[in-house]
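work.txt (compact mmCIF, C-alpha atoms)
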```
# COMPACT_ATOMS: atom_id res chain seq x y z
CA MET A 678 -33.33 -53.86 -0.37
CA TRP A 679 -30.45 -53.97 2.13
CA LYS A 680 -27.99 -54.78 -0.64
CA MET A 681 -29.19 -51.75 -2.57
CA CYS A 682 -28.83 -49.45 0.49
CA ILE A 683 -25.35 -50.76 1.25
CA THR A 684 -24.33 -50.34 -2.39
CA ALA A 685 -25.67 -46.76 -2.40
CA ILE A 686 -23.82 -45.92 0.84
CA ALA A 687 -20.61 -47.44 -0.49
CA ALA A 688 -20.95 -45.45 -3.72
CA CYS A 689 -21.45 -42.24 -1.74
CA LEU A 690 -18.39 -42.96 0.38
CA LEU A 691 -16.28 -43.66 -2.70
CA MET A 692 -17.37 -40.36 -4.30
CA ALA A 693 -16.62 -38.48 -1.10
CA ASN A 694 -13.14 -40.03 -0.96
CA ALA A 695 -12.57 -39.10 -4.61
CA ALA A 696 -13.60 -35.52 -3.90
CA LEU A 697 -11.25 -35.36 -0.92
CA ALA A 698 -8.42 -36.78 -3.01
CA VAL A 699 -8.23 -33.57 -5.04
CA GLU A 700 -4.94 -32.04 -4.03
CA LEU A 701 -5.14 -28.47 -2.82
CA LYS A 702 -1.91 -26.52 -3.06
CA VAL A 703 -1.63 -23.33 -1.03
CA GLY A 704 0.98 -20.64 -1.42
CA ILE A 705 1.54 -17.85 1.08
CA VAL A 706 2.86 -14.42 0.09
CA ASP A 707 4.07 -11.68 2.42
CA ILE A 708 2.36 -8.80 0.59
CA ARG A 709 4.15 -6.23 2.77
CA GLU A 710 7.44 -7.60 1.45
CA ILE A 711 6.12 -7.24 -2.12
CA VAL A 712 5.03 -3.62 -1.58
CA ILE A 713 8.36 -2.65 0.01
CA ASN A 714 10.91 -4.65 -2.00
CA SER A 715 9.45 -5.38 -5.42
CA GLU A 716 10.51 -3.18 -8.33
CA PRO A 717 7.07 -1.55 -8.65
CA GLY A 718 6.99 -1.02 -4.87
CA LYS A 719 10.39 0.65 -4.93
CA LYS A 720 9.27 2.75 -7.91
CA LEU A 721 6.18 3.84 -5.96
CA LYS A 722 8.32 4.96 -3.02
CA ALA A 723 10.83 6.74 -5.27
CA THR A 724 8.03 8.55 -7.11
CA MET A 725 6.42 9.70 -3.87
CA THR A 726 9.79 10.85 -2.50
CA SER A 727 10.73 12.74 -5.64
CA LYS A 728 7.33 14.44 -5.90
CA PHE A 729 6.69 15.19 -2.26
CA GLY A 730 9.91 14.65 -0.28
CA ALA A 731 11.10 18.27 -0.32
CA GLU A 732 7.68 19.59 0.67
CA ARG A 733 7.38 16.98 3.42
CA ASP A 734 10.82 17.98 4.74
CA ARG A 735 9.82 21.67 4.79
CA LEU A 736 6.61 20.88 6.67
CA GLU A 737 8.49 18.72 9.18
CA LYS A 738 10.97 21.57 9.74
CA GLN A 739 8.10 24.01 10.30
CA GLY A 740 6.63 21.55 12.79
CA LYS A 741 9.91 21.29 14.70
CA ASP A 742 10.29 25.07 14.73
CA LEU A 743 6.75 25.41 16.09
CA GLN A 744 7.51 22.82 18.74
CA LYS A 745 10.53 24.87 19.87
CA GLN A 746 8.39 28.00 19.91
CA ALA A 747 5.77 26.21 22.01
CA GLU A 748 8.45 25.16 24.50
CA SER A 749 9.68 28.74 24.81
CA LEU A 750 6.10 29.91 25.42
CA LYS A 751 5.74 27.40 28.27
CA SER A 752 8.64 28.96 30.13
CA PRO A 753 8.79 32.64 29.11
CA SER A 754 11.60 34.88 30.24
CA GLY A 755 10.75 37.14 33.17
CA ASN A 756 11.46 40.41 31.38
CA GLN A 757 8.59 40.09 28.85
CA THR A 758 5.46 42.13 29.29
CA ARG A 759 2.10 40.44 29.43
CA GLU A 760 1.15 42.07 26.11
CA ALA A 761 4.33 40.82 24.42
CA LEU A 762 3.69 37.32 25.71
CA GLU A 763 0.09 37.40 24.45
CA GLN A 764 1.33 38.66 21.07
CA LYS A 765 3.76 35.71 20.82
CA ARG A 766 1.01 33.27 21.75
CA ALA A 767 -1.30 34.73 19.08
CA GLU A 768 1.53 34.46 16.51
CA PHE A 769 2.11 30.87 17.56
CA ILE A 770 -1.59 30.01 17.18
CA ASN A 771 -1.68 31.59 13.70
CA LYS A 772 1.46 29.68 12.63
CA LYS A 773 0.03 26.46 14.06
CA GLN A 774 -3.26 26.92 12.19
CA ASP A 775 -1.35 27.71 8.99
CA LEU A 776 0.79 24.59 9.38
CA ASP A 777 -2.30 22.46 10.10
CA GLN A 778 -3.92 23.72 6.89
CA LYS A 779 -0.75 23.02 4.88
CA LEU A 780 -0.56 19.51 6.38
CA ARG A 781 -4.19 18.79 5.43
CA GLU A 782 -3.58 19.98 1.86
CA PHE A 783 -0.35 18.01 1.66
CA GLY A 784 -2.08 14.89 2.97
CA ALA A 785 -4.88 15.18 0.42
CA LYS A 786 -2.41 15.70 -2.42
CA THR A 787 -0.16 12.79 -1.44
CA GLU A 788 -3.07 10.49 -0.69
CA LYS A 789 -4.47 10.96 -4.18
CA GLU A 790 -1.12 10.30 -5.85
CA GLU A 791 -0.33 7.33 -3.63
CA ALA A 792 -3.74 5.79 -4.30
CA GLN A 793 -3.13 6.00 -8.05
CA LEU A 794 0.31 4.41 -7.72
CA MET A 795 -1.01 1.71 -5.38
CA ASN A 796 -3.73 0.88 -7.93
CA GLU A 797 -1.03 0.36 -10.55
CA LEU A 798 0.89 -1.89 -8.15
CA GLN A 799 -2.28 -3.76 -7.24
CA ASP A 800 -3.05 -4.41 -10.91
CA VAL A 801 0.39 -5.93 -11.39
CA VAL A 802 0.11 -8.01 -8.20
CA PHE A 803 -3.32 -9.42 -9.17
CA LYS A 804 -2.12 -10.29 -12.68
CA ALA A 805 1.04 -11.85 -11.24
CA ALA A 806 -1.03 -13.85 -8.73
CA LYS A 807 -3.16 -15.34 -11.47
CA ASP A 808 -0.16 -16.17 -13.70
CA PHE A 809 1.97 -17.44 -10.82
CA ALA A 810 -0.75 -19.70 -9.41
CA ALA A 811 -1.41 -21.18 -12.85
CA LYS A 812 2.30 -21.83 -13.50
CA LYS A 813 2.90 -23.39 -10.09
CA GLY A 814 -0.38 -25.32 -9.87
CA ILE A 815 -1.38 -23.41 -6.77
CA THR A 816 -5.05 -23.65 -5.81
CA TYR A 817 -5.00 -20.81 -3.26
CA LEU A 818 -2.54 -17.93 -3.00
CA VAL A 819 -3.09 -16.08 0.26
CA THR A 820 -1.39 -13.20 2.01
CA ALA A 821 0.61 -13.86 5.14
CA GLY A 822 -1.12 -12.56 8.23
CA SER A 823 -4.61 -12.68 6.74
CA GLY A 824 -6.04 -14.68 9.60
CA ILE A 825 -3.38 -17.37 9.34
CA LEU A 826 -1.96 -18.22 12.73
CA TYR A 827 0.60 -20.69 11.43
CA ALA A 828 1.74 -22.00 8.08
CA ASP A 829 4.51 -24.39 7.19
CA PRO A 830 7.44 -22.23 6.00
CA SER A 831 7.65 -24.36 2.86
CA MET A 832 4.35 -22.77 1.77
CA ASP A 833 5.94 -19.30 1.64
CA VAL A 834 6.35 -18.39 -2.04
CA THR A 835 7.05 -14.67 -1.51
CA LYS A 836 10.45 -14.66 -3.25
CA GLU A 837 9.21 -16.53 -6.32
CA PHE A 838 6.06 -14.42 -6.43
CA MET A 839 8.11 -11.21 -6.22
CA ASP A 840 10.10 -12.42 -9.23
CA GLU A 841 6.82 -12.79 -11.13
CA VAL A 842 5.65 -9.31 -10.08
CA ASN A 843 8.99 -7.83 -11.19
CA ARG A 844 8.84 -9.71 -14.50
CA LEU A 845 5.35 -8.41 -15.27
CA TRP A 846 6.34 -4.89 -14.23
CA LYS A 847 9.32 -4.92 -16.59
CA GLU A 848 7.21 -6.27 -19.46
CA ASN A 849 4.50 -3.65 -19.09
CA PRO A 850 5.33 -0.75 -16.76
CA PRO A 851 2.37 1.59 -16.15
CA ALA A 852 4.43 4.64 -17.19
CA ALA A 853 4.68 3.14 -20.69
CA LYS A 854 0.92 2.87 -20.98
CA GLU A 855 0.35 6.01 -23.05
CA LYS A 856 -3.13 6.68 -24.33
CA SER A 857 -3.28 6.20 -28.03
CA PRO A 858 -5.48 8.52 -30.10
CA SER A 859 -7.93 5.68 -30.66
CA SER A 860 -8.17 4.78 -26.95
CA ASP A 861 -9.22 8.26 -25.82
CA GLY A 862 -11.64 8.92 -28.61
CA GLY A 863 -9.32 11.41 -30.30
CA GLY A 864 -8.99 9.29 -33.43
CA LYS A 865 -12.71 8.89 -34.03
CA LYS A 866 -14.38 10.76 -36.83
CA LYS A 867 -17.56 12.63 -36.14
```
Let's see the structure in the file written out as structure tokens.
Amino acid sequence: MWKMCITAIAACLLMANAALAVELKVGIVDIREIVINSEPGKKLKATMTSKFGAERDRLEKQGKDLQKQAESLKSPSGNQTREALEQKRAEFINKKQDLDQKLREFGAKTEKEEAQLMNELQDVVFKAAKDFAAKKGITYLVTAGSGILYADPSMDVTKEFMDEVNRLWKENPPAAKEKSPSSDGGGKKK
């Protein structure tokens, strides 16, 4: 009976050691670096700037002009009548409300566009992660800063991973993904 128990315990310990012997390989990616410096990340920024940069600049200028107007209202000149000062304050409030409305509309418009572009980038990053991990034999690919207090710098694969993201982006850029007549139902007969 004792021999059988000892044999069973030894077998369990051997299986546990075999399970622990599986090598786990972890790669760490600085996702912020990917979003800022990868080709799709740069394309995202360029698209947002080209679509919304001029409008953003106009709104910023309006904001600065309003700020100057607010400063002048804080210290009015002594030769203004009370009515004139109240009129300027009312004008300022109207301009401020108008700018606030424009900023809300601008924010909604840019948020929608940025979300779409970020989804395209995310699709490429997820596909690249799967391909990259398989090629490199990586068990876990995690983002830097996601609860990791310290990691050996040799585990940082950001540069290599960015190369994979860029490769996939070049092979299949989202802008080239046109809907074919058969994919949108246009080619179907009724």
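Rounded to one decimal, atom CA of A:Gln744 and atom CA of A:Gln778 lie 16.5 Å from each other.
When all atoms listed in the file are used to measure the gap to A:Arg733, the shortest distance among A:Asn796, A:Thr758, A:Ser831, A:Thr787 belongs to A:Thr787.
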>> Which residues are near A:Glu841? Cut-off 9 Å, all atoms listed in the file, ignore same chain within fewer than 4 positions. Put them as a count of residues only.
In response: 9
> Quick one: of A:Ile815, A:Leu780, A:Leu750, A:Ala828, who's nearest to A:Ala767, counting only C-alpha atoms?
Replying inline: A:Leu750
>> What's around stretch 701-704 of chain A at 9 Å? Count all atoms listed in the file, leave out sequence neighbours fewer than 4 positions away in its own chain, and write the answer as a ChimeraX atom specification.
In response: /A:810,814-820,831-835
Residues just named, written with C-alpha atoms as a compact mmCIF listing (two decimals), in the coordinates of the input:
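Wrote it out as out39.txt, contents follow:
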```
# COMPACT_ATOMS: atom_id res chain seq x y z
CA ALA A 810 -0.75 -19.70 -9.41
CA GLY A 814 -0.38 -25.32 -9.87
CA ILE A 815 -1.38 -23.41 -6.77
CA THR A 816 -5.05 -23.65 -5.81
CA TYR A 817 -5.00 -20.81 -3.26
CA LEU A 818 -2.54 -17.93 -3.00
CA VAL A 819 -3.09 -16.08 0.26
CA THR A 820 -1.39 -13.20 2.01
CA SER A 831 7.65 -24.36 2.86
CA MET A 832 4.35 -22.77 1.77
CA ASP A 833 5.94 -19.30 1.64
CA VAL A 834 6.35 -18.39 -2.04
CA THR A 835 7.05 -14.67 -1.51
```
> Could you name the residues that touch A:Arg766 at 10 Å or less, counting all atoms listed in the file, but leaving out those on the same chain fewer than 6 positions away, as a list in words?
Replying inline: Gln746, Ala747, Leu750, Lys751, Glu760 and Lys772 of chain A
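Nearest to A:Gln774 of all the residues A:Pro850, A:Glu716, A:Tyr827, A:Gly740 is A:Gly740, counting all atoms listed in the file.
Nearest residue to A:Asp734 among A:Ala811, A:Glu768, A:Phe783, A:Glu791 is A:Phe783, counting only C-alpha atoms.
Closest approach to A:Gln739 among A:Ile705, A:Ile770, A:Leu776, A:Ala723 is made by A:Leu776 (distances from all atoms listed in the file).
Between atom CA of A:Lys779 and atom CA of A:Arg735 there is a distance of 10.7 Å.
A straight line drawn from atom CA of A:Glu790 to atom CA of A:Pro851 is 13.9 Å long.
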> Which residue out of A:Gly824, A:Asn849, A:Gln799, A:Ser727 has the minimum interatomic distance to A:Ile711 when all atoms listed in the file are used?
Replying inline: A:Gln799
Would you compute the box with edges along x, y and z of the file around stretch 788-803 of chain A, including every atom the file lists for it and 6 Å extra on each side, and give its centre and edge lengths in Å to one decimal, as JSON?
```
{"center_x": -1.8, "center_y": 0.8, "center_z": -6.0, "size_x": 17.4, "size_y": 32.4, "size_z": 22.7}
```
